[in-house]
Amino acid sequence: MSELIRLTAAEIATKISAGDVSAVEVAEAHLARISEVDDSVHAFLHIDTEGALRAAAKVDADRRAGLPLGPLAGVPLAMKDVVVTKGLPTTAGSKILEGWRPPYDATITRRIKDAGIVMLGKTNMDEFAMGSSTENSAYGPTCNPWDLTRIPGGSSGGSSAAVAAFEAPLSIGTDTGGSIRQPAAVTGIVGHKPTYGAVSRYGLIAFSSSLDQAGPFGRTVLDTALLHEVMAGHDPADSTSIPGPVAPVVAAAREGAQGRLDGVRVGVVRELGLSDPSGYQTGVLSSFNAAVETLRGLGADVVEVSCPHFQYALAAYYLIAPSECSSNLARFDSVRYGLRVGDDGVNSLEDVMSLTREAGFGAEVKRRIIIGTYALSSGYYDAYYGQAQKVRTLIARDFAAAFEQADVLVSPTSPFVAFGIGERMGDPMAMYVNDLCTLPASLAGTPAISVPCGLSEGLPVGMQIMAPALADDRCYRVAAAFEAAVEPVLASIPELSR
Amino acid sequence: MTSALRGGGVPNLGAADFGPSVDLPVVPDAIETTSPGGRISRADVAHLARLARLAVTEDELDTFAGQLDVILGAVARVGEVAAADIPPTSHAVLMTNVFRPDRVYPSLPREAVLAGAPDVEDDKFRVPRILDEEA
Amino acid sequence: MTVAYEDVLTRYEPVIGLETHVELGTASKMFCGCSTVFGADPNTHTCPVCLGLPGALPVANEQAIESTIRIGLALNCSIAEWCRFARKNYFYPDMPKNFQTSQYDEPLCVEGYLDVQVDGQTVRVGIERVHLEEDTGKNTHVGTSGRIHGADHSLVDYNRAGIPLVEIVTKPVAGTGALAPAVAKAYVTELREILRTLGVSDVRMEQGSLRCDVNTSLNRIGAGEFGTRTETKNVNSLRSVERAVRSEMIRQGVLLDAGERIVQETRHFSEVTGDTRPGRSKEEATDYRYFPEPDLVPIAPDQAWVERLRVGLPELPAARRIRLQAALGVSEDEMQHLANAGVVDLVGATVDAGAPIGEARNWWLGYLLQKANTGELDPADLGVSPAQVARLIALVADGSLSVALARQVVDGVLETGADVDAVIAERGLAVVSDTAALQKAADDAIAANPDVADKVRGGKAAAVGALVGAVMKATRGQADAAAVRAILLERLGVSE
């Protein structure tokens, strides 16, 4: 049984469709793993045993009936709790939605179900996706399977930890400023932020509308690509969804796995670790540099590129995201769903709204709502939100110029390895700098993947590979080639003890 | 091993604040390391909280004012960029005219609509007395 | 009050502005596929999008965009080459997202005009902008009065949340003097006609598919500075538009004369008293924190499409009036008269149904308009169709009905909703033309009134009127009065 949890998603799918193992067996194995380790890891907020076994049984029935199975049929998956799942509790990591069971499915939820993927449950996250450590969850932090005293990254820390802890081979997260890539990096797995608009946002509880994207986590590049192709594609219910075909990421991953990158131009971004290394852990930089050498060894042409406006990415992001979130979170007002506090027959509705939001939102959420309210207020819009959107254009132009000189850009995913739980909670800015490397691609809406590239002091380091908009396949190709050339980082993960 | 809350200004995080096994850097220069101070007052925070329907506590007002002051100091950097003639960007892939045809689709069943409601009366959402008039 | 009104005008110049919201008659809502049919059970026309459930996203209704462009074209606006939706952020329980998706500094249509005729003059009302937004849900206040003041709690129905609304904003209109109230009313009347002609809305003010807010300010004549304006809401009929402007002008004039300043505020019009009351004053002006809606992409109407819409516009009311005036052969003054009464199309349709213009005009400006005014209805909503009126005119022309009887038929139609012929049959309304019966009735009347009969025989033919009345009474009004008179005179042996 326990070998089943060590298999990749691709391997599981092959075994199931060949009849070597049933989807129910696979589901049971992973559910058993969850009961064994999740008290320690705390990746899951809700485990849907019944739903998972039912979905698995259906895959088995379909196979027996000779019906065609999708490429990931029967493979277990953990879903970040920011994604709406009909009838299952969906909290976005917040008290304000405690107990809420949505009356509808997100588009990506439907696609997962239609593909025969077995959703095991909903994973923990920073509240409303705001954070880089999953410590902002109203339901307690998730622990990094590499070291349970450390954070798993955020905001998709639960999804990332679940995969790193072998509780599921696949998971889904969302990335607004780095919330898939950074957790992937600090837990030693693969995570991809698709081109903005490549994956439907219908049913994603919105944090920052012009930045949010759902994306796949996996232990291998191929697994991640397989999940990407199930999730991605135009959705008429999302006006910002890109029409046109899904980038051929699976083919690119397979091609990349053959190993060579001759003729591929790899750009190292000077502003992300080179020009001023003082913000980066030495171990992270050496791991990254070694990774760049590996790419060179595969035949890639490595060049240095400059993106001078990247230094403003953090400032622009921490204006745009809070502004949009202050508006997106206004709907949580006690009227139609969720928490209601202070309705004692005396208090006015205005009071009840304020008391509810005070009780239901955590500190980081409140901070961002206040900043966002400020940045949008009359008299400040031009200087703050308006200006930040212009800086965004300049960052996009930096990317465009860089992509004239290189096919992909690389950087460390995060300046640090996983830090201790509680260490950075006292100072918001100390937390925000986790996103330094991931923010530019978020602002430009371009695709970026994080692939494990080594260890520093025993903790995983990730390399970020960025590509132009719509060219997600380039990320997967280079990531797969790199992965094939190095020892799997996850092989070194310590065994989890209770 | 929690960092103590600092007043304005971003701290230089030294090894002593964290476990000795990991070498941690100072916070990068991208962030102002001096306290800008006074950009946002307690009264400003209270006003913004009211606009956002957040009943922040007295303690929170103090804490937030200090923290927000630092954050605003950092984000004000966007003003350093000469961007007068630069158009704003909101979406990576430029699209226009995404519409749907004027067709009716089934609505949610009412039980589903009201199921998550904190309070219901006469098949409507019940709320306490409203102070503000319709805008 | 008339004295005060004219008095105000000797010292002040009114400036008016109008903001009109039009509910579009699309089948589905602005950003989702929920039905827009009126009167459904509460919360049965809602979905994740219009309820603002976490995760839901809007998709714009193409028909609504098209209707907005057509309205802009009909109002001589320029259509934006590129524009966006914006979020207007504020908290209110009838707003599912606590922001309204609307348009802010990039409306779909700008810089148009609408000419209205008032008192023989043409007034050009500038149109500032026409934009598209979504409507809110509906609050019901539960308490003693049903109003929000003093209510115990409220109930919210989101069926109407997300209905497409077009907002049309005029530029300030100055220089109208005493005609300001009439100009305001004429503008809304003409606008409503245009919207009806375009077929984009059923524009029923009493049902809320056409809503008006009126802005009024007074400038002191010769002072060269602008007065403070107030906004009056809850103006639910054409008549109220006129009354609201007039009463606000007087109120402001009285205050300014007394040396007081006008508070910039929102006021509510009262149908009952005919004047405006202040709304609850707000502590601070609302900061809506507008920003472009990130969940929607820009609208860039294809120029060829806009051109097709322009060419495809129906004949607008002004053009139709000119054409009808020629077709009906009436003077411009006459046309204006018809237009002011709101009966141009009705008269036209009645003529189309076969009636002569003079009769059609007489009915619609006469008895029918009277009934409409009594019932506080628009003549178009009275309940008698032009075809029915044409039928009545024909029946009077061929002698089957007298005018008096025809009016009784109208009453019957209004009461029962049946058509003209059904009412006639059911109530037995027909001119009594049986000569023998009339002669007998005449003889009875003469016998019953010997003194009057003697007077007539004595040379006072006019006195026969009393005998005519008696015969009419005896025949329950169904005789032709002129014929009765002739018969009486003949029976009395008197010639006229």
# chains A, B, ... in the order shown; residues from 1 in each chain; ligands from 1
$ interface_residues --of "chain A" --to "chain C" --cutoff "10 Å" --atoms "only C-alpha atoms" --output "count of residues only"
60
$ residues_around --residues "A:Arg260" --least-positions-apart "3" --cutoff "10 Å" --atoms "only C-alpha atoms" --output "list in words"
Glu255, Gly256, Ala257, Gly263, Val264, Leu295, Arg296, Gly297, Leu298, Gly299, Ala300, Arg477, Val478, Ala480, Ala481, Phe482, Ala484 and Ala485 of chain A
$ select_by_dssp --residues "stretch 207-340 of chain A" --states "strand (DSSP E)" --output "ChimeraX atom specification"
/A:213-218,265-269,301-305
$ residues_around --residues "A:Asp473" --least-positions-apart "5" --cutoff "6 Å" --atoms "only C-alpha atoms" --output "number ranges by chain"
A: 247-249, 252
$ residues_around --residues "A:Gly158" --least-positions-apart "5" --cutoff "7 Å" --atoms "only C-alpha atoms" --output "NGL selection string"
:A and (43-44 or 123-125 or 142)
$ interface_residues --of "chain C" --to "chain B" --cutoff "7 Å" --atoms "only C-alpha atoms" --output "ChimeraX atom specification"
/C:26-28,33-35,42-47,59-63,151-157,280,294,297-300
$ closest_residue --among "A:Ser442, A:Ser159, A:Thr8, A:Gln182" --to "chain B" --atoms "only C-alpha atoms"
A:Ser442
